[in-house]
Amino acid sequence: MVANRASVHFTFVPEFSPGLEGVVAAQTAVSEVDGANGRLIYRGGYLIEDLSPVVSFEEVAYLLWNGELPNKTQLDALCRQMSAARPLKDTARGTLMAMDPQTDLMDTLRTVVSAQGATKTLTKPTQEEAIALTAVFPSIVAAAYRRRQGKEIVEPRSDLTHAANLLWMMGDEEPPVERVHFLESYLVLLADHGLNASTFAARVIASTGSDLTSCVVGAIGALKGPAHGGATFAARTMLDKIGSADNAEKWLRDAHARHERFAGFGHRVYRTYDPRAKLLREMAKAAAPELHRTAARTEELALQILHESHPERPNATNVDFWASVVLTGAGIPKEMFTSLFATSRVAGWTAHVLESLADLRIIRPASVWTGPPPGKKPVPLASR
Amino acid sequence: MSAYVPGLEGIVAAQTAISMVDGANGRLVYRGYVIADLAEDMSFEEVAHLLWTGRLPTRAELDALSLELASSRALTRAATITLDALPTDTDPMDVLRSVVSVQGVEHKLEKPSIPLAIHATASFPTILAMFHRRQLGLAPIKPRADLGHAANYLYMLNGKESSPGLVRALNTYLVLLADHGMNASTFTARVIASTDSDLASCLVGAIGALKGPAHGGAPSAVMDQLEKIGTADKAESWMREARKQKVRFMGFGHRIYRTYDPRAKLLKEMCARLNPKFYELASKVEETALMILHEEHPERPQATNVEFYSAGVLQAIGLPKEYFPPTFAVSRVAGWTAHVLEQSANNRLIRPQSEYIGPEPRKPVPLAERG
């Protein structure tokens, strides 16, 4: 229910919920995380398991922006618009080329998106801008990856889909169909997820009347954090350390004894198995058979160990764990994982920003004062 | 789960000891000090130290901080190239967002720290001054280590030292705007920090939020409106006409203050001294705006906000109005970084809930069958 604005006046200090846990910060039709039932619903009311096997990333982006799946004509128009928006502007390219090739890919993405979206005057976010921004992410990410390896940048191809073109720009060869399929599935599954920290950051920025690039750049910054987008990388790193299915038990028991967290387990919202993790898990065996063996054994043992130490907690594998295996099968090196997450989630970020415009109100929460009582008099510098 | 409150109004999102906006009593408190007690005599550097550490610096600490700031003013090579690659008509807020992003890049993730906060704070004036000079077709001016933060910003903008009066005015502005509770840009920085991201990411997000007209973009809107009004004698007729067309008066109203914003009061006094021409028009516009707003909504506490007289002070300093919002950032970066440090010291991921207002689950129609 929408609260009546005029009636919202607090005469008491409300309780502080750290991390705003359980606090409703927006109304949205873009997606719904039904944690209790382990369901993820995308705009229009589609369950992720119904949607992901039958749609492309472009269709999902259209859905998130418009609330309906596109028909053939609408989809063709969107694909044309996206391919046309793939090349970097001169300013953005200049910025990219000026950066040290070893720069963190998320920093490169944050900077180049900022430069790509720099304008003369403030504009209200539009769907055209959302399309253009979404379309350019693979070009930045792939170019940064190529530079990191000391290779020439590969120009985008307009005859390929979003996912296929990304792999093309990374590798300069026609990507195999299976790899495109794994990447596409990942991009579809991660495109939106309720009011996660990066999406929330984008909505806070949008609430000031700022432009779409500012919202997306802030969201990239939030996604960079290990507690958010960095988790897929952490999961893959853990699997690398474990090395093989045989080594899983020893490694996990040792790590647990050192009070180390297992990467890829637990989520604030899901109280059952994350539906995206389930779908990615089903794909993982075909995507990366060897890594899958290690991962499957690791999952089994990790859940067992976590249950032993906290039987009361609903511990479940999260999306990052199995995403790290499927992305590996798509041929994506782990250094790129977080930026690939951004490449998918930008569809959701922009959809949330566009949605929020309908009823824009500055997000300006309250804080509780924990400092010294006011009125302390400053001591002059010479007497300090 | 609590009910949805638009804009999170009144919802506590953080505990903080950095600043307190006491709206009911019209007080702004930095780390225990009431703003009026700091504004006159404190340098921006001292206030930054206060916000970061909770204490005013000793002489030795202040000297060390000033030295560290002065030696961190230069841009990296990549940042300089980025700045030079941006078209000269780019919004300076977009320039700041992009160049702060590139200036802060790293090879591996670093935890936010006071040294990183100092480095970031030191770079903001350099970015703006370099870009402004580029717009004018002038060569950049190298920062001067012997000048304070405010004096050096003016020096890099103009290529010559400004009068002590103007330096003092800018310094006071920077002190007054350095922090302000859980405003939208500071909150953005804390949301980003809550994912354990790096300092530059928090700042870039905060700059993006400050850019919005409902936040830092307001002082330039004040100037636009005053320019349209033109002269004091036209104020009332223009403003009455504007209200008929539902035009908002820029620089009035604040979600929190129920009395006069203490910063606006101090800036108003400065305006009267430094910018009499602006003051003559602005004070008449203020008087008229408050009168009209009171007539329309006698029940609402209407007051002039900080943006209104900020515009006059920044104009007196010689800044063009496109540089009002980024100069706000030159000040607020001290607060943003302090909040990021506080958030990371006792962190929990900020991940609120949303209320789903879409349709109930249904099955997708295959592409070929969609109408």
# chains A, B, ... in the order shown; residues from 1 in each chain; ligands from 1

$ residues_around --residues "stretch 168-178 of chain A" --least-positions-apart "5" --cutoff "12 Å" --atoms "only C-alpha atoms" --output "number ranges by chain"
A: 86-87, 136-149, 151-163, 183-185, 283-284, 286-288, 326-327, 329-333, 336

$ residues_around --residues "stretch 239-241 of chain A" --least-positions-apart "5" --cutoff "8 Å" --atoms "only C-alpha atoms" --output "list of chain:residue names"
A:Leu291, A:Thr294, A:Ala295, A:Thr298

$ residues_around --residues "A:Ala366" --least-positions-apart "6" --cutoff "6 Å" --atoms "only C-alpha atoms" --output "MDAnalysis selection string"
chainID B and resid 10:12

$ closest_residue --among "A:Ala351, A:Val55, A:Leu357, A:Val113" --to "A:Gly218" --atoms "only C-alpha atoms"
A:Val113

$ residues_around --residues "B:Ala235" --least-positions-apart "2" --cutoff "8 Å" --atoms "only C-alpha atoms" --output "list in words"
Ile229, Gly230, Thr231, Ala232, Asp233, Ser237, Trp238, Met239, Leu281, Lys284, Val285 and Thr288 of chain B

$ select_by_dssp --residues "stretch 216-321 of chain A" --states "alpha helix (DSSP H)" --output "ChimeraX atom specification"
/A:216-223,231-242,248-257,275-287,289-309,319-321

$ residues_around --residues "A:Val30" --least-positions-apart "3" --cutoff "8 Å" --atoms "only C-alpha atoms" --output "PDB file with C-alpha atoms, in the first residue's frame"
ATOM      1  CA  TYR A  42      10.604 -11.260 -13.292  1.00  0.00           C
ATOM      2  CA  ARG A  43       8.401  -8.428 -14.463  1.00  0.00           C
ATOM      3  CA  GLY A  44       5.126  -9.531 -15.964  1.00  0.00           C
ATOM      4  CA  LEU A  64      12.295  -5.686 -17.647  1.00  0.00           C
ATOM      5  CA  GLY A  67       6.672  -5.189 -18.643  1.00  0.00           C
ATOM      6  CA  ASP A 192      17.434  -8.571 -11.912  1.00  0.00           C
ATOM      7  CA  GLY A 194      14.755  -7.220  -6.249  1.00  0.00           C
ATOM      8  CA  GLY A 348      17.708  -4.543 -14.150  1.00  0.00           C
ATOM      9  CA  ALA A 351      14.607  -0.887 -15.476  1.00  0.00           C
ATOM     10  CA  HIS A 352      14.467   0.084 -11.796  1.00  0.00           C
ATOM     11  CA  GLU A 355      10.297   2.588 -12.987  1.00  0.00           C
TER      12      GLU A 355
ATOM     13  CA  GLY B 358       3.428  -6.711 -10.365  1.00  0.00           C
TER      14      GLY B 358
END

$ residues_around --residues "B:Met270" --least-positions-apart "3" --cutoff "10 Å" --atoms "only C-alpha atoms" --output "list of chain:residue names"
B:Ala169, B:Thr172, B:Tyr173, B:Ala264, B:Lys265, B:Leu266, B:Leu267, B:Arg273, B:Leu274, B:Asn275, B:Pro276, B:Tyr279, B:Tyr309, B:Ser310, B:Gly312, B:Val313, B:Ala316

$ atom_distance --atom1 "atom CA of A:Gly375" --atom2 "atom CA of B:Arg168"
24.0 Å

$ residues_around --residues "B:Thr82" --least-positions-apart "4" --cutoff "8 Å" --atoms "only C-alpha atoms" --output "PyMOL selection string"
(chain A and resi 91+94-95+98) or (chain B and resi 78+86+98-99+102)

$ closest_residue --among "A:Phe321, A:Trp251, A:Tyr186, A:Phe262" --to "A:Ala342" --atoms "only C-alpha atoms"
A:Tyr186

$ atom_distance --atom1 "atom CA of A:Ala206" --atom2 "atom CA of B:Gly216"
13.0 Å

$ closest_residue --among "B:Val105, B:Val175, B:Ala117, B:Leu65" --to "chain A" --atoms "only C-alpha atoms"
B:Val105

$ closest_residue --among "B:Ala184, B:Ala329, B:Ala145, B:Leu174" --to "chain A" --atoms "only C-alpha atoms"
B:Ala184

$ select_by_dssp --residues "stretch 130-319 of chain B" --states "strand (DSSP E or B)" --output "PyMOL selection string"
chain B and resi 180+182+252+304

$ write_last_selection --atoms "N, CA, C and O atoms" --output "PDB file, in the first residue's frame"
ATOM      1  N   HIS B 180      26.256  16.558   6.371  1.00  0.00           N
ATOM      2  CA  HIS B 180      24.865  16.890   6.699  1.00  0.00           C
ATOM      3  C   HIS B 180      24.026  15.628   6.860  1.00  0.00           C
ATOM      4  O   HIS B 180      23.093  15.380   6.091  1.00  0.00           O
ATOM      5  N   MET B 182      22.305  12.047   6.960  1.00  0.00           N
ATOM      6  CA  MET B 182      22.115  10.966   5.992  1.00  0.00           C
ATOM      7  C   MET B 182      21.448  11.469   4.717  1.00  0.00           C
ATOM      8  O   MET B 182      20.434  10.956   4.287  1.00  0.00           O
ATOM      9  N   PHE B 252      13.984  26.820  -1.342  1.00  0.00           N
ATOM     10  CA  PHE B 252      13.127  26.855  -0.151  1.00  0.00           C
ATOM     11  C   PHE B 252      12.652  25.457   0.213  1.00  0.00           C
ATOM     12  O   PHE B 252      12.417  24.630  -0.659  1.00  0.00           O
ATOM     13  N   THR B 304      14.095  29.088   4.185  1.00  0.00           N
ATOM     14  CA  THR B 304      15.108  29.182   3.150  1.00  0.00           C
ATOM     15  C   THR B 304      16.120  28.070   3.398  1.00  0.00           C
ATOM     16  O   THR B 304      16.509  27.836   4.535  1.00  0.00           O
TER      17      THR B 304
END
